[in-house]
$ cat model-v3.cif   # mmCIF, C-alpha atoms
data_protein
loop_
_atom_site.label_atom_id
_atom_site.label_comp_id
_atom_site.auth_asym_id
_atom_site.auth_seq_id
_atom_site.Cartn_x
_atom_site.Cartn_y
_atom_site.Cartn_z
CA MET A 1 177.54 81.78 108.87
CA GLU A 2 180.85 81.55 110.78
CA LEU A 3 179.25 79.40 113.47
CA LEU A 4 177.59 77.17 110.87
CA LEU A 5 180.91 76.56 109.10
CA ALA A 6 182.71 75.99 112.40
CA SER A 7 180.07 73.42 113.39
CA PHE A 8 180.46 71.57 110.08
CA ALA A 9 184.24 71.52 110.62
CA ALA A 10 183.61 70.09 114.09
CA LEU A 11 181.43 67.33 112.62
CA LEU A 12 184.18 66.33 110.18
CA ALA A 13 186.85 66.65 112.88
CA GLY A 14 184.91 64.39 115.24
CA PHE A 15 184.58 61.76 112.50
CA VAL A 16 188.31 61.74 111.68
CA ASP A 17 189.47 62.08 115.28
CA SER A 18 187.37 59.16 116.50
CA ILE A 19 189.08 56.80 114.06
CA VAL A 20 192.73 57.62 114.60
CA GLY A 21 193.09 61.14 116.00
CA GLY A 22 194.02 64.27 114.09
CA GLY A 23 190.69 66.06 114.31
CA GLY A 24 192.61 69.19 115.27
CA LEU A 25 193.83 69.32 111.65
CA VAL A 26 190.29 70.26 110.64
CA GLN A 27 188.84 72.03 113.66
CA ALA A 28 191.71 74.27 114.78
CA PRO A 29 192.50 75.73 111.31
CA ALA A 30 188.77 76.38 110.81
CA LEU A 31 188.71 78.45 114.00
CA PHE A 32 191.81 80.39 112.94
CA ILE A 33 190.23 81.21 109.56
CA LEU A 34 186.70 81.97 110.76
CA TYR A 35 187.72 83.92 113.88
CA PRO A 36 190.99 85.69 112.98
CA HIS A 37 190.62 88.03 115.97
CA PHE A 38 191.05 85.09 118.40
CA SER A 39 194.43 84.67 120.06
CA VAL A 40 196.21 81.33 119.65
CA VAL A 41 195.34 80.27 123.18
CA GLN A 42 191.65 81.17 122.61
CA VAL A 43 191.62 78.89 119.57
CA VAL A 44 193.31 76.12 121.58
CA GLY A 45 190.82 76.48 124.44
CA THR A 46 187.72 76.64 122.24
CA ASN A 47 188.96 73.76 120.08
CA ARG A 48 189.77 71.63 123.13
CA PHE A 49 186.37 72.22 124.76
CA ALA A 50 184.54 71.49 121.50
CA SER A 51 186.28 68.13 121.02
CA PHE A 52 186.67 66.53 124.46
CA LEU A 53 183.12 65.15 124.68
CA GLY A 54 183.30 63.73 121.14
CA THR A 55 186.52 61.94 122.10
CA SER A 56 184.71 60.60 125.18
CA VAL A 57 181.88 59.21 123.03
CA ALA A 58 184.36 57.52 120.69
CA GLY A 59 186.25 56.06 123.66
CA TYR A 60 183.02 54.63 125.06
CA GLN A 61 182.11 53.05 121.71
CA TYR A 62 185.53 51.39 121.45
CA ALA A 63 185.52 50.19 125.07
CA ARG A 64 182.24 48.34 124.44
CA LYS A 65 183.72 46.31 121.56
CA VAL A 66 187.52 46.18 122.05
CA PRO A 67 189.30 44.58 125.05
CA VAL A 68 190.96 47.50 126.85
CA PRO A 69 193.92 46.91 129.26
CA TRP A 70 192.52 49.23 131.93
CA LYS A 71 195.51 49.09 134.29
CA LEU A 72 197.85 50.22 131.52
CA VAL A 73 195.35 52.88 130.42
CA MET A 74 195.05 54.35 133.92
CA ILE A 75 198.82 54.49 134.50
CA THR A 76 199.40 56.08 131.09
CA ALA A 77 196.53 58.51 131.65
CA VAL A 78 198.01 59.74 134.96
CA GLY A 79 201.28 60.65 133.24
CA THR A 80 199.38 62.23 130.36
CA ALA A 81 197.19 64.35 132.63
CA ILE A 82 200.05 65.75 134.69
CA MET A 83 202.22 66.59 131.71
CA SER A 84 199.31 67.97 129.65
CA TYR A 85 198.56 70.54 132.36
CA LEU A 86 202.26 71.41 132.53
CA GLY A 87 202.47 71.70 128.75
CA ALA A 88 199.45 74.01 128.57
CA THR A 89 200.91 76.19 131.32
CA ILE A 90 204.28 76.51 129.59
CA ALA A 91 202.64 77.09 126.18
CA SER A 92 200.94 80.22 127.53
CA TYR A 93 204.38 81.78 128.05
CA MET A 94 206.36 80.43 125.09
CA LYS A 95 206.22 80.28 121.31
CA THR A 96 205.70 76.72 120.08
CA GLU A 97 207.16 77.58 116.65
CA VAL A 98 210.61 76.58 117.88
CA LEU A 99 209.46 72.94 118.00
CA LYS A 100 207.77 72.80 114.60
CA PRO A 101 210.83 71.79 112.48
CA LEU A 102 211.49 68.92 114.90
CA ILE A 103 207.84 67.84 114.84
CA LEU A 104 207.90 67.92 111.02
CA ALA A 105 210.92 65.58 110.98
CA VAL A 106 209.30 63.19 113.46
CA MET A 107 206.01 63.09 111.51
CA SER A 108 207.85 62.40 108.25
CA ALA A 109 209.75 59.50 109.84
CA ILE A 110 206.50 58.07 111.23
CA ALA A 111 204.83 58.26 107.80
CA VAL A 112 207.71 56.46 106.06
CA TYR A 113 207.94 53.78 108.77
CA SER A 114 204.18 53.13 108.86
CA TYR A 115 203.78 53.02 105.08
CA SER A 116 206.76 50.71 104.50
CA ASN A 117 205.72 48.28 107.26
CA LYS A 118 202.53 46.82 105.75
CA THR A 119 201.82 44.48 108.68
CA LEU A 120 202.25 47.15 111.36
CA GLY A 121 199.28 47.14 113.72
CA GLN A 122 197.35 44.41 111.92
CA HIS A 123 197.66 42.03 114.87
CA ASP A 124 198.68 42.20 118.52
CA SER A 125 202.39 41.34 118.87
CA GLN A 126 203.41 42.46 122.37
CA ARG A 127 206.98 43.72 122.19
CA VAL A 128 207.44 44.60 125.86
CA ALA A 129 207.46 42.20 128.80
CA ALA A 130 204.22 42.41 130.82
CA VAL A 131 206.07 43.58 133.94
CA ARG A 132 207.51 46.56 132.03
CA LEU A 133 204.32 47.59 130.24
CA PRO A 134 203.17 50.06 132.95
CA TRP A 135 206.53 51.89 132.87
CA TYR A 136 206.55 52.13 129.09
CA GLY A 137 202.94 53.30 129.16
CA LEU A 138 203.73 55.94 131.79
CA LEU A 139 206.67 57.28 129.76
CA LEU A 140 204.61 57.32 126.58
CA GLY A 141 201.74 59.07 128.37
CA MET A 142 204.01 61.73 129.88
CA THR A 143 205.63 62.47 126.51
CA MET A 144 202.34 62.70 124.62
CA GLY A 145 200.67 64.58 127.47
CA PHE A 146 203.26 67.34 127.34
CA TYR A 147 202.93 67.51 123.56
CA ASN A 148 199.14 67.68 123.92
CA GLY A 149 199.26 70.63 126.28
CA PHE A 150 202.14 72.44 124.59
CA VAL A 151 201.39 71.94 120.87
CA GLY A 152 198.17 69.92 120.51
CA PRO A 153 197.44 68.81 116.91
CA GLY A 154 198.12 65.14 116.24
CA THR A 155 198.29 63.93 119.85
CA GLY A 156 195.79 61.13 119.26
CA SER A 157 197.62 59.95 116.13
CA LEU A 158 200.97 59.97 117.94
CA LEU A 159 199.46 58.00 120.83
CA VAL A 160 198.13 55.42 118.38
CA PHE A 161 201.54 55.15 116.74
CA GLY A 162 203.23 54.78 120.12
CA PHE A 163 200.99 51.92 121.22
CA VAL A 164 201.34 50.20 117.83
CA SER A 165 205.07 50.62 117.21
CA VAL A 166 206.49 50.57 120.76
CA LEU A 167 204.07 48.27 122.61
CA GLY A 168 202.94 46.17 119.65
CA PHE A 169 199.16 46.62 119.85
CA GLU A 170 196.88 46.35 116.82
CA PHE A 171 195.54 49.60 115.35
CA LEU A 172 191.98 49.13 116.60
CA LYS A 173 193.04 48.48 120.21
CA ALA A 174 195.63 51.29 120.06
CA SER A 175 192.97 53.69 118.83
CA ALA A 176 190.62 52.67 121.66
CA ILE A 177 193.34 53.23 124.28
CA ALA A 178 194.38 56.54 122.71
CA LYS A 179 190.83 57.87 122.85
CA ILE A 180 190.47 57.16 126.57
CA ILE A 181 193.85 58.70 127.38
CA ASN A 182 193.16 61.69 125.14
CA VAL A 183 190.01 62.45 127.15
CA VAL A 184 192.07 62.59 130.35
CA ALA A 185 194.70 64.81 128.73
CA ASP A 186 192.08 67.16 127.29
CA LEU A 187 190.27 67.49 130.61
CA SER A 188 193.54 68.18 132.41
CA SER A 189 194.59 71.01 130.09
CA LEU A 190 190.98 72.30 129.95
CA VAL A 191 191.12 73.00 133.69
CA PHE A 192 193.79 75.61 132.98
CA LEU A 193 192.16 76.93 129.77
CA VAL A 194 188.68 77.37 131.30
CA TRP A 195 190.10 78.83 134.52
CA LYS A 196 191.97 81.48 132.53
CA GLY A 197 188.91 82.29 130.36
CA TYR A 198 190.34 81.05 127.07
CA VAL A 199 187.16 79.16 125.98
CA GLU A 200 184.53 80.97 123.87
CA PHE A 201 181.51 78.95 125.02
CA GLU A 202 178.97 80.43 122.60
CA ILE A 203 181.03 78.94 119.78
CA ALA A 204 182.45 75.89 121.55
CA ILE A 205 179.09 74.40 122.67
CA PRO A 206 177.44 74.15 119.18
CA MET A 207 180.74 72.81 117.83
CA MET A 208 180.84 70.24 120.65
CA ILE A 209 177.39 68.90 119.70
CA CYS A 210 178.47 68.43 116.07
CA ASN A 211 181.79 66.92 117.13
CA VAL A 212 179.96 64.31 119.23
CA LEU A 213 177.83 63.31 116.24
CA GLY A 214 180.92 62.97 114.04
CA ALA A 215 182.74 60.96 116.70
CA TYR A 216 179.82 58.54 117.05
CA LEU A 217 179.70 57.93 113.29
CA GLY A 218 183.48 57.61 112.96
CA SER A 219 183.92 55.11 115.80
CA LYS A 220 181.09 52.98 114.39
CA MET A 221 182.82 52.99 110.99
CA ALA A 222 186.21 52.01 112.48
CA LEU A 223 184.74 49.11 114.45
CA LEU A 224 182.90 47.91 111.35
CA ARG A 225 185.85 48.16 108.94
CA GLY A 226 188.70 47.02 111.23
CA ASN A 227 192.51 47.48 111.38
CA THR A 228 193.20 47.98 107.66
CA PHE A 229 190.75 50.87 107.48
CA VAL A 230 192.17 52.47 110.64
CA ARG A 231 195.73 52.13 109.27
CA THR A 232 194.70 53.85 106.02
CA VAL A 233 193.07 56.75 107.87
CA PHE A 234 196.14 56.96 110.12
CA LEU A 235 198.44 57.42 107.11
CA VAL A 236 196.15 60.07 105.62
CA VAL A 237 196.11 62.00 108.91
CA ILE A 238 199.88 61.79 109.30
CA VAL A 239 200.37 63.15 105.76
CA GLY A 240 197.97 65.95 106.68
CA LEU A 241 200.02 66.72 109.79
CA ILE A 242 203.21 66.81 107.72
CA ALA A 243 201.58 69.28 105.31
CA ARG A 244 200.35 71.41 108.23
CA PHE A 245 203.70 71.62 110.01
CA GLY A 246 205.60 71.90 106.73
CA TYR A 247 203.54 74.98 105.86
CA ASP A 248 204.20 76.46 109.31
CA VAL A 249 207.95 75.85 109.00
CA ILE A 250 208.09 77.43 105.51
CA ARG A 251 206.30 80.53 106.84
CA MET A 252 208.97 80.90 109.52
CA PHE A 253 211.64 81.65 106.91
#
$ encode --input "model-v3.cif" --output "structure tokens"
Amino acid sequence: MELLLASFAALLAGFVDSIVGGGGLVQAPALFILYPHFSVVQVVGTNRFASFLGTSVAGYQYARKVPVPWKLVMITAVGTAIMSYLGATIASYMKTEVLKPLILAVMSAIAVYSYSNKTLGQHDSQRVAAVRLPWYGLLLGMTMGFYNGFVGPGTGSLLVFGFVSVLGFEFLKASAIAKIINVVADLSSLVFLVWKGYVEFEIAIPMMICNVLGAYLGSKMALLRGNTFVRTVFLVVIVGLIARFGYDVIRMF
């Protein structure tokens, strides 16, 4: 029964994550509830393994339909991969709770900004000179990569927001880029998590299959419905992240 429920959570997580990120809001809490004897890092490892292939499928679906700036993606992905491995390594020695109040404040600001700016991400409006794009992408990738390895939930959503608000991409293109970069970040941190034995494969593999199915359906839906739909899902996920980190912060006191 636990595995069945975890697999259903993975299906839903893959659907949400493929649109705008945030699948960890569904999948990681499900693992914590269903397998309370797992350590935090076991949940992170199992969750990461279960979702990386689904993210890959979503990235492939987007790349077939949306023009992807591959040079920018590769440069950003390099920074993301390096810092994701570093973040995962540091996370195994530290408590991430110290960052949660700050993350809550950042998420709240993102929600207010995105909701109040109705035209945000509806069209491409490049805000950075072409010659500077790689440097901005590298900095964004390094920041989000470290967050991915150190904390995890919401990385895809934050990447989407970064490409929309900082670089001026539309939501659909930003989501496509974020998926590809997220795959690189996940694989990088997975090297450490698998090597250290933090992945429970008998649970992660069935979840991965369901996550892939959800990701396929979600990416198809996003491509069909366009930027307005993606923006709506983005706001819902951000509110969910605020609730998640708000609950964690309240429990600290």
$ closest_residue --input "model-v3.cif" --among "A:Ala77, A:Leu223, A:Ala204, A:Val236" --to "A:Ile181" --atoms "only C-alpha atoms"
A:Ala77
$ residues_near_point --input "model-v3.cif" --point "(182.3, 75.3, 118.0)" --cutoff "8 Å" --atoms "all atoms listed in the file" --output "VMD selection string"
chain A and resid 3 6 to 7 10 46 to 47 50 201 to 208
$ resolve_selection --input "model-v3.cif" --expression "the PyMOL selection byres ((chain A and resi 138) around 12)" --output "ChimeraX atom specification"
/A:71-83,132-137,139-145,159,162-163,167,181
$ atom_distance --input "model-v3.cif" --atom1 "atom CA of A:Lys65" --atom2 "atom CA of A:Met221"
12.5 Å
$ atom_distance --input "model-v3.cif" --atom1 "atom CA of A:Glu170" --atom2 "atom CA of A:Asn227"
7.1 Å
$ residues_around --input "model-v3.cif" --residues "A:Ser108" --least-positions-apart "5" --cutoff "9 Å" --atoms "only C-alpha atoms" --output "number ranges by chain"
A: 103, 113, 238-239, 242
$ closest_residue --input "model-v3.cif" --among "A:Asp17, A:Tyr147, A:Tyr247, A:Val194" --to "A:Leu53" --atoms "all atoms listed in the file"
A:Asp17
$ closest_residue --input "model-v3.cif" --among "A:Tyr60, A:Phe49, A:Trp195, A:Phe234" --to "A:Val164" --atoms "only C-alpha atoms"
A:Phe234
$ closest_residue --input "model-v3.cif" --among "A:Gln61, A:Ser116, A:Ser56, A:Ser165" --to "A:Ala185" --atoms "all atoms listed in the file"
A:Ser56
$ decode --input "model-v3.cif" --residues "stretch 3-47 of chain A" --atoms "N, CA and C atoms" --output "mmCIF file, in the first residue's frame"
data_model
loop_
_atom_site.group_PDB
_atom_site.id
_atom_site.type_symbol
_atom_site.label_atom_id
_atom_site.label_comp_id
_atom_site.auth_asym_id
_atom_site.auth_seq_id
_atom_site.Cartn_x
_atom_site.Cartn_y
_atom_site.Cartn_z
ATOM 1 N N LEU A 3 3.869 1.622 -1.217
ATOM 2 C CA LEU A 3 4.482 1.788 -2.532
ATOM 3 C C LEU A 3 3.462 2.276 -3.556
ATOM 4 N N LEU A 4 2.225 1.787 -3.437
ATOM 5 C CA LEU A 4 1.165 2.221 -4.347
ATOM 6 C C LEU A 4 0.885 3.714 -4.177
ATOM 7 N N LEU A 5 0.790 4.168 -2.943
ATOM 8 C CA LEU A 5 0.540 5.586 -2.671
ATOM 9 C C LEU A 5 1.725 6.448 -3.105
ATOM 10 N N ALA A 6 2.938 5.953 -2.866
ATOM 11 C CA ALA A 6 4.129 6.695 -3.286
ATOM 12 C C ALA A 6 4.181 6.828 -4.804
ATOM 13 N N SER A 7 3.769 5.784 -5.510
ATOM 14 C CA SER A 7 3.769 5.816 -6.975
ATOM 15 C C SER A 7 2.724 6.785 -7.509
ATOM 16 N N PHE A 8 1.568 6.843 -6.855
ATOM 17 C CA PHE A 8 0.540 7.817 -7.259
ATOM 18 C C PHE A 8 1.049 9.240 -7.033
ATOM 19 N N ALA A 9 1.721 9.465 -5.894
ATOM 20 C CA ALA A 9 2.303 10.782 -5.624
ATOM 21 C C ALA A 9 3.331 11.141 -6.689
ATOM 22 N N ALA A 10 4.093 10.148 -7.136
ATOM 23 C CA ALA A 10 5.097 10.381 -8.174
ATOM 24 C C ALA A 10 4.451 10.754 -9.500
ATOM 25 N N LEU A 11 3.320 10.132 -9.814
ATOM 26 C CA LEU A 11 2.574 10.467 -11.033
ATOM 27 C C LEU A 11 2.126 11.926 -11.002
ATOM 28 N N LEU A 12 1.528 12.339 -9.890
ATOM 29 C CA LEU A 12 1.072 13.722 -9.734
ATOM 30 C C LEU A 12 2.252 14.688 -9.741
ATOM 31 N N ALA A 13 3.334 14.308 -9.067
ATOM 32 C CA ALA A 13 4.525 15.156 -9.011
ATOM 33 C C ALA A 13 5.129 15.358 -10.398
ATOM 34 N N GLY A 14 5.187 14.282 -11.189
ATOM 35 C CA GLY A 14 5.721 14.394 -12.540
ATOM 36 C C GLY A 14 4.891 15.329 -13.397
ATOM 37 N N PHE A 15 3.560 15.276 -13.233
ATOM 38 C CA PHE A 15 2.666 16.151 -13.988
ATOM 39 C C PHE A 15 2.924 17.622 -13.648
ATOM 40 N N VAL A 16 2.944 17.940 -12.361
ATOM 41 C CA VAL A 16 3.149 19.327 -11.919
ATOM 42 C C VAL A 16 4.558 19.803 -12.278
ATOM 43 N N ASP A 17 5.544 18.966 -12.008
ATOM 44 C CA ASP A 17 6.937 19.353 -12.198
ATOM 45 C C ASP A 17 7.249 19.626 -13.664
ATOM 46 N N SER A 18 6.636 18.879 -14.569
ATOM 47 C CA SER A 18 6.922 19.046 -15.984
ATOM 48 C C SER A 18 6.407 20.377 -16.521
ATOM 49 N N ILE A 19 5.436 20.961 -15.844
ATOM 50 C CA ILE A 19 4.866 22.232 -16.304
ATOM 51 C C ILE A 19 5.704 23.406 -15.827
ATOM 52 N N VAL A 20 6.004 23.438 -14.535
ATOM 53 C CA VAL A 20 6.717 24.607 -14.023
ATOM 54 C C VAL A 20 7.616 24.290 -12.828
ATOM 55 N N GLY A 21 7.876 23.008 -12.576
ATOM 56 C CA GLY A 21 8.681 22.640 -11.415
ATOM 57 C C GLY A 21 7.815 22.515 -10.177
ATOM 58 N N GLY A 22 8.432 22.129 -9.072
ATOM 59 C CA GLY A 22 7.699 22.022 -7.818
ATOM 60 C C GLY A 22 7.141 20.648 -7.524
ATOM 61 N N GLY A 23 7.544 19.641 -8.324
ATOM 62 C CA GLY A 23 7.065 18.291 -8.055
ATOM 63 C C GLY A 23 7.495 17.766 -6.702
ATOM 64 N N GLY A 24 8.600 18.297 -6.185
ATOM 65 C CA GLY A 24 9.075 17.894 -4.865
ATOM 66 C C GLY A 24 8.100 18.226 -3.757
ATOM 67 N N LEU A 25 7.191 19.191 -4.011
ATOM 68 C CA LEU A 25 6.151 19.524 -3.035
ATOM 69 C C LEU A 25 5.221 18.347 -2.784
ATOM 70 N N VAL A 26 5.050 17.510 -3.793
ATOM 71 C CA VAL A 26 4.164 16.347 -3.686
ATOM 72 C C VAL A 26 4.949 15.098 -3.308
ATOM 73 N N GLN A 27 6.043 14.859 -4.007
ATOM 74 C CA GLN A 27 6.755 13.595 -3.900
ATOM 75 C C GLN A 27 7.542 13.459 -2.595
ATOM 76 N N ALA A 28 8.284 14.499 -2.235
ATOM 77 C CA ALA A 28 9.102 14.424 -1.016
ATOM 78 C C ALA A 28 8.257 14.290 0.255
ATOM 79 N N PRO A 29 7.207 15.120 0.451
ATOM 80 C CA PRO A 29 6.366 14.933 1.640
ATOM 81 C C PRO A 29 5.720 13.553 1.697
ATOM 82 N N ALA A 30 5.341 13.006 0.523
ATOM 83 C CA ALA A 30 4.750 11.666 0.497
ATOM 84 C C ALA A 30 5.736 10.628 1.032
ATOM 85 N N LEU A 31 6.988 10.755 0.656
ATOM 86 C CA LEU A 31 8.012 9.826 1.154
ATOM 87 C C LEU A 31 8.212 9.977 2.658
ATOM 88 N N PHE A 32 8.210 11.213 3.144
ATOM 89 C CA PHE A 32 8.361 11.448 4.584
ATOM 90 C C PHE A 32 7.215 10.803 5.367
ATOM 91 N N ILE A 33 5.994 10.917 4.841
ATOM 92 C CA ILE A 33 4.817 10.390 5.534
ATOM 93 C C ILE A 33 4.766 8.861 5.463
ATOM 94 N N LEU A 34 5.013 8.324 4.268
ATOM 95 C CA LEU A 34 4.863 6.878 4.052
ATOM 96 C C LEU A 34 6.033 6.067 4.613
ATOM 97 N N TYR A 35 7.209 6.700 4.674
ATOM 98 C CA TYR A 35 8.405 5.991 5.159
ATOM 99 C C TYR A 35 9.083 6.824 6.259
ATOM 100 N N PRO A 36 8.424 6.939 7.416
ATOM 101 C CA PRO A 36 8.943 7.807 8.482
ATOM 102 C C PRO A 36 10.293 7.351 9.034
ATOM 103 N N HIS A 37 10.677 6.102 8.774
ATOM 104 C CA HIS A 37 11.958 5.611 9.276
ATOM 105 C C HIS A 37 13.127 6.046 8.387
ATOM 106 N N PHE A 38 12.835 6.632 7.220
ATOM 107 C CA PHE A 38 13.906 7.117 6.343
ATOM 108 C C PHE A 38 14.541 8.367 6.943
ATOM 109 N N SER A 39 15.844 8.491 6.780
ATOM 110 C CA SER A 39 16.514 9.739 7.135
ATOM 111 C C SER A 39 16.193 10.781 6.071
ATOM 112 N N VAL A 40 16.475 12.042 6.374
ATOM 113 C CA VAL A 40 16.221 13.124 5.419
ATOM 114 C C VAL A 40 16.979 12.887 4.119
ATOM 115 N N VAL A 41 18.231 12.491 4.230
ATOM 116 C CA VAL A 41 19.046 12.322 3.027
ATOM 117 C C VAL A 41 18.585 11.098 2.211
ATOM 118 N N GLN A 42 18.005 10.084 2.871
ATOM 119 C CA GLN A 42 17.420 8.954 2.129
ATOM 120 C C GLN A 42 16.200 9.410 1.321
ATOM 121 N N VAL A 43 15.385 10.271 1.918
ATOM 122 C CA VAL A 43 14.235 10.815 1.206
ATOM 123 C C VAL A 43 14.700 11.649 0.016
ATOM 124 N N VAL A 44 15.703 12.483 0.234
ATOM 125 C CA VAL A 44 16.243 13.324 -0.847
ATOM 126 C C VAL A 44 16.769 12.453 -1.989
ATOM 127 N N GLY A 45 17.537 11.421 -1.654
ATOM 128 C CA GLY A 45 18.123 10.554 -2.666
ATOM 129 C C GLY A 45 17.073 9.773 -3.439
ATOM 130 N N THR A 46 16.111 9.185 -2.724
ATOM 131 C CA THR A 46 15.051 8.405 -3.364
ATOM 132 C C THR A 46 14.162 9.303 -4.221
ATOM 133 N N ASN A 47 13.828 10.471 -3.698
ATOM 134 C CA ASN A 47 13.018 11.443 -4.435
ATOM 135 C C ASN A 47 13.734 11.909 -5.694
#
